$ cat my_file-v9.cif   # mmCIF, C-alpha atoms
data_protein
#
loop_
_atom_site.label_atom_id
_atom_site.label_comp_id
_atom_site.auth_asym_id
_atom_site.auth_seq_id
_atom_site.Cartn_x
_atom_site.Cartn_y
_atom_site.Cartn_z
CA MET B 9 -37.94 -5.37 -8.22
CA PRO B 10 -35.78 -8.09 -9.85
CA MET B 11 -32.18 -7.15 -10.61
CA ASP B 12 -31.21 -6.95 -14.27
CA PRO B 13 -28.47 -9.41 -15.42
CA SER B 14 -25.77 -6.75 -15.79
CA SER B 15 -26.38 -5.45 -12.26
CA ALA B 16 -26.36 -8.99 -10.90
CA MET B 17 -23.03 -9.70 -12.58
CA LEU B 18 -21.59 -6.45 -11.20
CA SER B 19 -22.77 -7.30 -7.69
CA GLN B 20 -21.22 -10.76 -7.94
CA ALA B 21 -17.96 -9.27 -9.19
CA LEU B 22 -17.91 -6.77 -6.33
CA LEU B 23 -18.62 -9.52 -3.82
CA LEU B 24 -15.75 -11.58 -5.25
CA LEU B 25 -13.45 -8.54 -5.06
CA GLN B 26 -14.33 -7.99 -1.41
CA CYS B 27 -13.64 -11.66 -0.64
CA ILE B 28 -10.23 -11.35 -2.29
CA ILE B 29 -9.53 -8.21 -0.26
CA LEU B 30 -10.37 -9.97 2.98
CA THR B 31 -7.95 -12.79 2.19
CA LEU B 32 -5.08 -10.38 1.59
CA GLY B 33 -4.83 -9.43 5.26
CA GLN B 34 -5.60 -6.49 7.48
CA TYR B 35 -4.92 -2.97 6.27
CA ASP B 36 -3.51 -4.09 2.90
CA ILE B 37 -6.13 -2.28 0.83
CA CYS B 38 -6.93 1.45 0.86
CA LYS B 39 -10.21 1.24 -1.03
CA SER B 40 -12.54 -1.13 -2.86
CA LEU B 41 -15.45 -0.72 -5.22
CA VAL B 42 -18.80 -1.62 -3.61
CA SER B 43 -22.32 -1.78 -4.99
CA THR B 44 -24.95 0.63 -3.64
CA ASP B 45 -28.43 1.74 -4.67
CA ASP B 46 -26.76 4.72 -6.35
CA GLY B 47 -24.33 2.53 -8.28
CA PRO B 48 -20.71 1.47 -7.77
CA THR B 49 -19.01 3.51 -5.05
CA TRP B 50 -15.53 3.53 -3.55
CA GLU B 51 -15.33 2.39 0.07
CA TYR B 52 -12.20 3.54 1.89
CA TYR B 53 -10.13 1.82 4.57
CA ALA B 54 -7.10 2.49 6.74
CA CYS B 55 -4.12 0.89 5.00
CA GLN B 56 -0.38 0.33 5.37
CA PRO B 57 2.44 -1.10 3.22
CA LYS B 58 3.64 -4.66 3.68
CA PRO B 59 6.80 -5.12 5.77
CA ARG B 60 10.11 -5.68 3.99
CA SER B 61 13.77 -5.93 4.83
CA MET B 62 15.08 -2.38 4.99
CA LYS B 63 18.78 -3.22 4.88
CA GLU B 64 19.08 -2.70 1.12
CA TYR B 65 17.74 0.86 1.46
CA MET B 66 19.82 1.99 4.44
CA GLN B 67 22.71 4.41 4.40
CA ILE B 68 25.59 3.45 6.70
CA ARG B 69 27.98 5.82 8.44
CA VAL B 70 30.76 4.54 10.69
CA GLU B 71 32.56 6.72 13.24
CA PRO B 72 35.31 7.53 13.94
CA PRO B 73 36.38 7.57 10.28
CA ASP B 74 39.56 5.57 10.93
CA ILE B 75 37.86 2.78 12.90
CA THR B 76 37.52 0.43 9.90
CA CYS B 77 40.51 -1.87 9.58
CA GLY B 78 42.87 -2.03 6.61
CA ASN B 79 44.47 1.40 6.35
CA PRO B 80 47.21 0.71 7.17
CA PRO B 81 47.00 -3.09 6.76
CA GLU B 82 47.12 -5.06 9.99
CA ARG B 83 47.07 -8.65 11.20
CA PHE B 84 44.44 -10.06 13.53
CA CYS B 85 43.59 -13.35 15.22
CA THR B 86 40.49 -14.91 16.77
CA LEU B 87 39.53 -15.57 20.36
CA GLU B 88 39.45 -19.32 19.66
CA ASN B 89 42.96 -19.23 18.11
CA PRO B 90 44.54 -16.25 19.86
CA TYR B 91 48.14 -16.97 18.85
CA LEU B 92 47.52 -17.87 15.21
CA CYS B 93 47.51 -14.30 13.94
CA SER B 94 47.82 -15.04 10.24
CA ASP B 95 44.66 -13.22 9.07
CA GLU B 96 45.10 -9.80 7.52
CA CYS B 97 42.87 -6.79 6.84
CA ASP B 98 44.03 -4.65 3.92
CA ALA B 99 41.76 -1.96 2.45
CA SER B 100 43.77 -1.85 -0.77
CA THR B 101 43.07 -5.52 -1.60
CA LYS B 102 39.44 -6.46 -2.35
CA GLU B 103 39.76 -9.98 -0.94
CA LEU B 104 41.20 -8.66 2.34
CA ALA B 105 39.11 -5.49 2.76
CA HIS B 106 36.23 -5.23 5.25
CA PRO B 107 34.34 -1.98 4.42
CA PRO B 108 31.01 -0.98 6.04
CA VAL B 109 28.99 -1.87 2.91
CA LEU B 110 29.56 -5.56 3.71
CA MET B 111 27.05 -5.23 6.55
CA GLN B 112 24.24 -5.02 3.99
CA ASP B 113 25.33 -7.19 1.05
CA SER B 114 23.25 -10.22 0.07
CA GLU B 115 26.03 -12.85 0.39
CA ARG B 116 24.37 -14.84 -2.41
CA THR B 117 27.58 -16.77 -3.10
CA GLY B 118 27.44 -18.29 0.38
CA LEU B 119 30.69 -16.59 1.39
CA ILE B 120 30.28 -14.62 4.63
CA THR B 121 31.50 -11.06 4.25
CA TYR B 122 31.75 -8.55 7.06
CA TRP B 123 32.79 -5.09 8.19
CA GLN B 124 35.62 -5.10 10.70
CA THR B 125 37.29 -2.56 12.94
CA VAL B 126 40.92 -2.08 13.85
CA THR B 127 42.18 -4.19 16.73
CA TRP B 128 42.46 -2.92 20.30
CA GLY B 129 46.05 -1.77 20.01
CA ARG B 130 45.42 1.38 22.06
CA TYR B 131 44.24 -0.47 25.17
CA PRO B 132 43.44 0.67 27.90
CA GLU B 133 41.86 3.45 25.85
CA PRO B 134 38.35 2.15 24.99
CA LEU B 135 37.75 0.64 21.57
CA LEU B 136 34.66 2.61 20.53
CA ALA B 137 32.71 2.57 17.28
CA ASN B 138 29.39 4.13 16.23
CA ILE B 139 27.36 2.74 13.32
CA SER B 140 24.55 5.03 12.17
CA LEU B 141 21.83 3.68 9.88
CA SER B 142 19.50 6.08 8.06
CA TRP B 143 16.69 5.86 5.50
CA ASN B 144 15.54 9.49 5.18
CA LYS B 145 12.11 8.06 5.92
CA SER B 146 9.97 7.22 8.93
CA LEU B 147 9.70 3.46 9.43
CA GLU B 148 7.59 1.20 11.65
CA LEU B 149 9.24 -1.97 12.92
CA ALA B 150 7.41 -5.17 12.01
CA ASP B 151 9.75 -7.85 13.42
CA ASP B 152 12.99 -8.26 15.37
CA ILE B 153 16.06 -6.19 14.52
CA GLN B 154 18.95 -8.62 14.16
CA ILE B 155 22.67 -7.79 14.08
CA THR B 156 25.04 -10.65 13.22
CA PHE B 157 28.55 -10.46 14.67
CA GLU B 158 31.54 -12.50 13.57
CA TYR B 159 34.31 -13.43 16.05
CA GLY B 160 32.20 -12.69 19.10
CA ARG B 161 29.43 -10.36 20.25
CA PRO B 162 30.26 -7.15 22.14
CA THR B 163 30.31 -7.32 25.93
CA LYS B 164 28.95 -3.77 26.08
CA MET B 165 26.73 -2.06 23.51
CA VAL B 166 23.81 0.38 23.17
CA LEU B 167 21.16 0.51 20.47
CA ASP B 168 19.81 4.06 19.97
CA LYS B 169 17.03 5.36 17.78
CA SER B 170 16.03 8.74 16.39
CA LEU B 171 12.61 10.03 15.41
CA ASN B 172 13.92 13.21 13.75
CA TYR B 173 16.52 12.06 11.21
CA GLY B 174 19.41 11.93 13.67
CA ARG B 175 19.06 15.38 15.22
CA THR B 176 18.42 13.83 18.64
CA TRP B 177 18.82 10.27 19.91
CA GLN B 178 17.29 8.15 22.63
CA PRO B 179 18.38 4.75 23.98
CA TYR B 180 16.36 1.82 22.61
CA GLN B 181 18.08 -1.03 24.48
CA TYR B 182 21.26 -1.64 26.49
CA TYR B 183 23.35 -4.81 26.12
CA ALA B 184 26.09 -6.02 28.48
CA ASP B 185 27.57 -9.14 30.04
CA ASP B 186 27.02 -7.37 33.38
CA CYS B 187 24.29 -4.73 33.20
CA MET B 188 24.83 -3.41 36.70
CA ASP B 189 28.56 -2.96 36.20
CA ALA B 190 28.24 -1.49 32.68
CA PHE B 191 25.18 0.75 33.02
CA GLY B 192 24.01 0.63 36.64
CA MET B 193 20.84 -1.21 35.55
CA LEU B 194 19.31 -4.47 36.71
CA PRO B 195 19.25 -7.03 33.87
CA LYS B 196 15.87 -7.77 32.31
CA ARG B 197 14.40 -9.70 29.41
CA VAL B 198 11.43 -8.76 27.28
CA GLN B 199 9.60 -11.67 28.92
CA ASP B 200 9.78 -9.65 32.16
CA LEU B 201 7.75 -6.81 30.62
CA SER B 202 3.98 -6.43 30.70
CA ALA B 203 1.32 -4.41 28.91
CA THR B 204 1.84 -1.52 31.33
CA ASN B 205 5.62 -1.17 30.79
CA VAL B 206 6.24 -2.66 27.34
CA THR B 207 7.94 0.55 26.17
CA ARG B 208 10.46 0.54 29.02
CA VAL B 209 14.10 0.74 27.95
CA ILE B 210 15.88 -2.28 29.44
CA CYS B 211 19.38 -3.70 29.73
CA THR B 212 19.71 -7.35 28.73
CA GLU B 213 22.56 -9.79 29.33
CA GLN B 214 21.02 -12.32 26.94
CA TYR B 215 23.22 -11.44 23.95
CA SER B 216 26.54 -10.42 25.51
CA ARG B 217 27.90 -13.30 27.54
CA TRP B 218 30.59 -15.46 25.95
CA VAL B 219 29.34 -18.77 24.57
CA GLY B 220 31.82 -19.09 21.71
CA SER B 221 31.87 -16.90 18.63
CA LYS B 222 30.50 -19.64 16.38
CA ASN B 223 27.69 -20.78 18.69
CA GLU B 224 25.86 -17.47 19.03
CA LYS B 225 26.39 -14.65 16.57
CA ASN B 226 23.14 -12.69 16.73
CA VAL B 227 22.07 -9.73 18.83
CA ARG B 228 18.37 -8.88 18.71
CA PHE B 229 16.02 -6.09 19.56
CA GLU B 230 12.88 -8.11 20.24
CA VAL B 231 9.86 -6.63 18.46
CA ARG B 232 7.87 -9.85 18.04
CA GLU B 233 7.96 -10.64 21.77
CA ARG B 234 6.72 -7.14 22.56
CA PHE B 235 3.89 -7.57 20.03
CA ALA B 236 3.06 -10.92 21.67
CA ILE B 237 2.28 -9.20 24.97
CA PHE B 238 -0.90 -7.95 23.27
CA ALA B 239 -1.39 -10.35 20.33
CA GLY B 240 -0.50 -13.70 21.94
CA THR B 241 2.57 -15.89 21.51
CA LYS B 242 1.75 -16.73 17.89
CA LEU B 243 0.48 -13.19 17.15
CA GLN B 244 -2.96 -14.69 16.55
CA ASN B 245 -4.82 -11.71 18.08
CA MET B 246 -3.48 -8.78 16.07
CA ASP B 247 -6.75 -6.89 16.55
CA ASN B 248 -5.84 -6.45 20.21
CA LEU B 249 -2.38 -5.13 19.28
CA TYR B 250 -3.85 -2.63 16.81
CA THR B 251 -6.42 -1.53 19.40
CA ARG B 252 -3.62 -0.88 21.89
CA MET B 253 -1.66 1.02 19.24
CA GLU B 254 -4.54 3.52 19.21
CA SER B 255 -5.32 3.66 22.92
CA MET B 256 -1.94 3.35 24.65
CA LYS B 257 0.08 6.56 24.61
CA GLY B 258 3.54 6.17 23.15
CA LEU B 259 3.14 2.57 21.94
CA ARG B 260 2.96 3.40 18.24
CA ASP B 261 5.90 5.80 18.49
CA PHE B 262 7.95 3.18 20.34
CA PHE B 263 8.11 1.05 17.19
CA THR B 264 8.68 4.08 14.92
CA LEU B 265 12.08 5.44 13.88
CA THR B 266 13.95 7.33 11.19
CA ASN B 267 17.48 6.28 12.20
CA LEU B 268 19.23 3.65 14.27
CA ARG B 269 22.66 3.79 15.88
CA LEU B 270 24.82 1.05 17.33
CA ARG B 271 27.28 2.24 19.96
CA LEU B 272 29.90 -0.47 20.34
CA LEU B 273 31.58 0.12 23.70
CA ARG B 274 33.59 -3.03 24.48
CA PRO B 275 34.39 -6.00 22.22
CA ALA B 276 34.11 -9.71 23.00
CA LEU B 277 36.73 -10.82 25.51
CA GLY B 278 36.38 -14.60 25.28
CA GLY B 279 34.81 -14.95 28.71
CA THR B 280 37.83 -13.61 30.57
CA TYR B 281 39.70 -10.38 31.26
CA VAL B 282 41.65 -8.36 28.70
CA GLN B 283 44.99 -10.03 27.97
CA ARG B 284 47.34 -7.17 27.25
CA ASP B 285 50.05 -9.36 25.70
CA ASN B 286 47.80 -10.13 22.71
CA LEU B 287 45.46 -7.30 21.70
CA LEU B 288 45.14 -8.47 18.07
CA LYS B 289 42.19 -10.72 19.01
CA TYR B 290 39.96 -7.85 20.20
CA PHE B 291 37.85 -6.07 17.55
CA TYR B 292 34.30 -5.81 16.21
CA ALA B 293 33.04 -7.51 13.05
CA ILE B 294 29.46 -7.37 11.68
CA SER B 295 28.30 -9.45 8.72
CA ASN B 296 24.61 -8.52 8.59
CA VAL B 297 22.10 -5.99 9.88
CA ASP B 298 18.47 -6.90 9.25
CA ILE B 299 15.65 -4.39 9.90
CA PRO B 300 12.18 -5.81 9.03
CA ALA B 301 9.92 -2.77 8.83
CA ARG B 302 7.33 -0.94 6.77
CA CYS B 303 7.23 2.63 5.57
CA LYS B 304 5.25 4.81 7.93
CA CYS B 305 2.43 6.27 5.86
CA ASN B 306 0.01 7.22 8.66
CA LEU B 307 -2.39 4.47 7.43
CA HIS B 308 -2.95 6.39 4.19
CA ALA B 309 -1.03 4.15 1.74
CA SER B 310 -0.67 0.46 0.94
CA GLN B 311 2.46 0.89 -1.21
CA CYS B 312 5.85 2.50 -0.69
CA SER B 313 8.18 3.10 -3.65
CA LEU B 314 11.79 4.09 -4.14
CA ARG B 315 11.76 7.41 -6.01
CA ASP B 316 14.79 9.63 -6.56
CA GLY B 317 16.74 7.39 -4.22
CA THR B 318 14.29 7.85 -1.34
CA LEU B 319 11.44 5.70 -0.04
CA GLN B 320 8.11 7.49 -0.57
CA CYS B 321 4.57 6.51 0.36
CA ASP B 322 2.12 6.17 -2.56
CA CYS B 323 -0.52 8.20 -0.78
CA GLU B 324 -4.30 7.65 -0.93
CA HIS B 325 -7.22 9.29 0.89
CA ASN B 326 -6.48 12.71 -0.69
CA THR B 327 -3.20 12.92 1.25
CA THR B 328 0.31 13.76 0.09
CA GLY B 329 3.91 13.96 1.32
CA GLN B 330 6.65 11.44 2.01
CA ASP B 331 4.66 10.05 4.98
CA CYS B 332 1.18 11.07 3.68
CA SER B 333 1.20 13.66 6.45
CA ALA B 334 -0.71 16.46 4.69
CA CYS B 335 -3.81 16.97 2.56
CA GLU B 336 -3.52 17.36 -1.18
CA ARG B 337 -4.02 20.81 -2.70
CA GLY B 338 -7.73 21.55 -2.97
CA PHE B 339 -8.53 19.83 0.32
CA LYS B 340 -8.76 21.38 3.76
CA ALA B 341 -5.32 21.34 5.37
CA LYS B 342 -6.82 21.16 8.84
CA SER B 343 -8.90 18.14 7.90
CA TRP B 344 -5.78 15.91 7.88
CA LYS B 345 -5.57 13.18 10.49
CA PRO B 346 -3.66 9.91 10.52
CA GLY B 347 -5.74 6.89 9.71
CA SER B 348 -6.93 4.77 12.60
CA TYR B 349 -6.66 1.01 13.20
CA LEU B 350 -10.12 1.26 14.77
CA PRO B 351 -12.64 -0.06 14.30
CA THR B 352 -11.01 -3.37 13.37
CA PRO B 353 -10.63 -5.11 10.99
CA ASN B 354 -10.60 -2.29 8.39
CA GLY B 355 -10.03 0.81 10.51
CA SER B 356 -10.98 4.41 9.72
CA PRO B 357 -9.32 6.11 6.72
CA ASN B 358 -9.87 9.68 8.00
CA ILE B 359 -9.87 11.07 4.47
CA CYS B 360 -8.97 14.71 3.85
CA THR B 361 -12.11 16.66 2.99
CA ASN B 362 -12.41 19.31 0.30
CA TYR B 363 -13.72 22.88 0.47
CA ALA B 364 -17.28 21.88 -0.36
CA PRO B 365 -18.25 19.24 2.21
CA ALA B 366 -21.79 19.02 0.92
CA VAL B 367 -20.52 17.91 -2.48
CA PHE B 368 -17.79 15.55 -1.24
CA ARG B 369 -18.64 11.86 -1.43
CA HIS B 370 -16.54 8.69 -1.31
CA THR B 371 -17.39 7.93 -4.92
CA HIS B 372 -15.23 7.17 -7.91
CA THR B 373 -15.66 9.58 -10.81
#
$ encode --input "my_file-v9.cif" --output "structure tokens"
Amino acid sequence: MPMDPSSAMLSQALLLLQCIILTLGQYDICKSLVSTDDGPTWEYYACQPKPRSMKEYMQIRVEPPDITCGNPPERFCTLENPYLCSDECDASTKELAHPPVLMQDSERTGLITYWQTVTWGRYPEPLLANISLSWNKSLELADDIQITFEYGRPTKMVLDKSLNYGRTWQPYQYYADDCMDAFGMLPKRVQDLSATNVTRVICTEQYSRWVGSKNEKNVRFEVRERFAIFAGTKLQNMDNLYTRMESMKGLRDFFTLTNLRLRLLRPALGGTYVQRDNLLKYFYAISNVDIPARCKCNLHASQCSLRDGTLQCDCEHNTTGQDCSACERGFKAKSWKPGSYLPTPNGSPNICTNYAPAVFRHTHT
């Protein structure tokens, strides 16, 4: 039977909408309106928010409390100019203060600002500092974590993560100029890992050896290279990565976190031993911490909003909660499951079902 003009226009509109959805990328859309013999019907998909820089949302805590320089004011010098100690840190003067918040500012003026610790005046007692980053939200890493150091990268450092809002911690990666001496571990790079051991915690010497404080400032936790083990060097085969996320135990959790912690254990030494006659050149300074990630919404939301000062998933699929980790009232609690990346490219939404399964349909009313 020929289709009437209004139905034909609706079918064309729905086809156009589906084409637009496909061009937006995988798992960007939670549902779309499709044409069926019974009329327009919602079709549901697994979905996730787009990645974003999480540094503007993070809360920073530095320990011990007196580790930040400036109270009392003190002079410091650099490893390149160790006897020109004319720089000063003074917490009471804005232009000379280096508080923790400067690790996450935008630096739109082009002026580099940074947090800085006291100098190593108590040597040989270790100069230790912990930097805890929290979001009160589960996140999934989408690209490399990058920490930018001024005046030299630490010669010994640990990156930890938590999955339970800082109640317990686990090492994520070790960093040292000599991994065996610092941690009793053989040095490795991510390139040394394979699909069978991609979640192994390694120690790397790649970011700790002295090459000059201005030549290399960044320390990374390599997410993209780990993704590339499954998706190819240019991440052109993301379907394979998403398939492994479902089938390989622990892989999805490996890239998930609620908190991060930097344990700074030994500052840059300038490629030599500690010179006790000038300890004003030894300290830590961080100008930027970048965490590209997405809100973890269990594949039940394509948007994540800041509400009441906290990131919250805008849940679909009859789910609710900060991470879309429960069924809405009126739906069977035990019917909740996380969405699935499979089958690709749209995945399975695993929608919560209501108390009358025979009546429930994926239709828009």
$ residues_around --input "my_file-v9.cif" --residues "Val126 of chain B" --least-positions-apart "4" --cutoff "6 Å" --atoms "all atoms listed in the file" --output "MDAnalysis selection string"
chainID B and resid 75:77
$ closest_residue --input "my_file-v9.cif" --among "B:Val297, B:Cys55, B:Leu249, B:Leu104" --to "Ile68 of chain B" --atoms "all atoms listed in the file"
B:Val297
$ resolve_selection --input "my_file-v9.cif" --expression "the PyMOL selection byres ((chain B and resi 291) around 6)" --output "list in words"
Thr125, Thr127, Pro275, Tyr290 and Tyr292 of chain B
$ residues_around --input "my_file-v9.cif" --residues "Gly160 of chain B" --least-positions-apart "2" --cutoff "7 Å" --atoms "all atoms listed in the file" --output "ChimeraX atom specification"
/B:157-158,162,220-221,225,276
$ write_last_selection --input "my_file-v9.cif" --atoms "C-alpha atoms" --output "tab-separated table (two decimals), in the frame of the given file"
chain	number	residue	atom	x	y	z
B	157	PHE	CA	28.55	-10.46	14.67
B	158	GLU	CA	31.54	-12.50	13.57
B	162	PRO	CA	30.26	-7.15	22.14
B	220	GLY	CA	31.82	-19.09	21.71
B	221	SER	CA	31.87	-16.90	18.63
B	225	LYS	CA	26.39	-14.65	16.57
B	276	ALA	CA	34.11	-9.71	23.00
$ closest_residue --input "my_file-v9.cif" --among "B:Ala341, B:Leu119, B:Cys332, B:Leu265" --to "Leu307 of chain B" --atoms "all atoms listed in the file"
B:Cys332
$ closest_residue --input "my_file-v9.cif" --among "B:Leu277, B:Val282, B:Cys38, B:Ile139" --to "His308 of chain B" --atoms "all atoms listed in the file"
B:Cys38
$ closest_residue --input "my_file-v9.cif" --among "B:Leu287, B:Val219, B:Met111, B:Ile359" --to "Val70 of chain B" --atoms "all atoms listed in the file"
B:Met111
$ atom_distance --input "my_file-v9.cif" --atom1 "atom CA of Asn306 of chain B" --atom2 "atom CA of Leu259 of chain B"
14.4 Å
$ resolve_selection --input "my_file-v9.cif" --expression "the PyMOL selection byres ((chain B and resi 210) around 9)" --output "list in words"
Tyr180, Gln181, Tyr182, Tyr183, Met193, Leu194, Pro195, Lys196, Arg197, Val198, Arg208, Val209, Cys211 and Thr212 of chain B
$ resolve_selection --input "my_file-v9.cif" --expression "the PyMOL selection byres ((chain B and resi 88) around 8)" --output "list in words"
Thr86, Leu87, Asn89, Pro90, Gly220 and Gly278 of chain B
$ closest_residue --input "my_file-v9.cif" --among "B:Trp143, B:Leu149, B:Met62, B:Asn138" --to "Arg232 of chain B" --atoms "all atoms listed in the file"
B:Leu149
$ atom_distance --input "my_file-v9.cif" --atom1 "atom CA of Glu148 of chain B" --atom2 "atom CA of Asp331 of chain B"
11.5 Å
$ atom_distance --input "my_file-v9.cif" --atom1 "atom CA of Pro134 of chain B" --atom2 "atom CA of Leu268 of chain B"
22.0 Å
$ residues_around --input "my_file-v9.cif" --residues "Lys164 of chain B" --least-positions-apart "4" --cutoff "6 Å" --atoms "all atoms listed in the file" --output "PyMOL selection string"
chain B and resi 183-184+273-274
$ residues_near_point --input "my_file-v9.cif" --point "(-7.4, 21.0, 2.4)" --cutoff "10 Å" --atoms "all atoms listed in the file" --output "ChimeraX atom specification"
/B:326-327,334-344,360-363
$ closest_residue --input "my_file-v9.cif" --among "B:Tyr53, B:Thr163, B:Leu147, B:Leu171" --to "Gln214 of chain B" --atoms "only C-alpha atoms"
B:Thr163
$ axis_aligned_box --input "my_file-v9.cif" --around "segment 143-154 of chain B" --padding-each-side "6 Å" --output "lines of an AutoDock Vina configuration file"
center_x = 13.2
center_y = 0.4
center_z = 10.3
size_x = 23.5
size_y = 30.1
size_z = 22.2
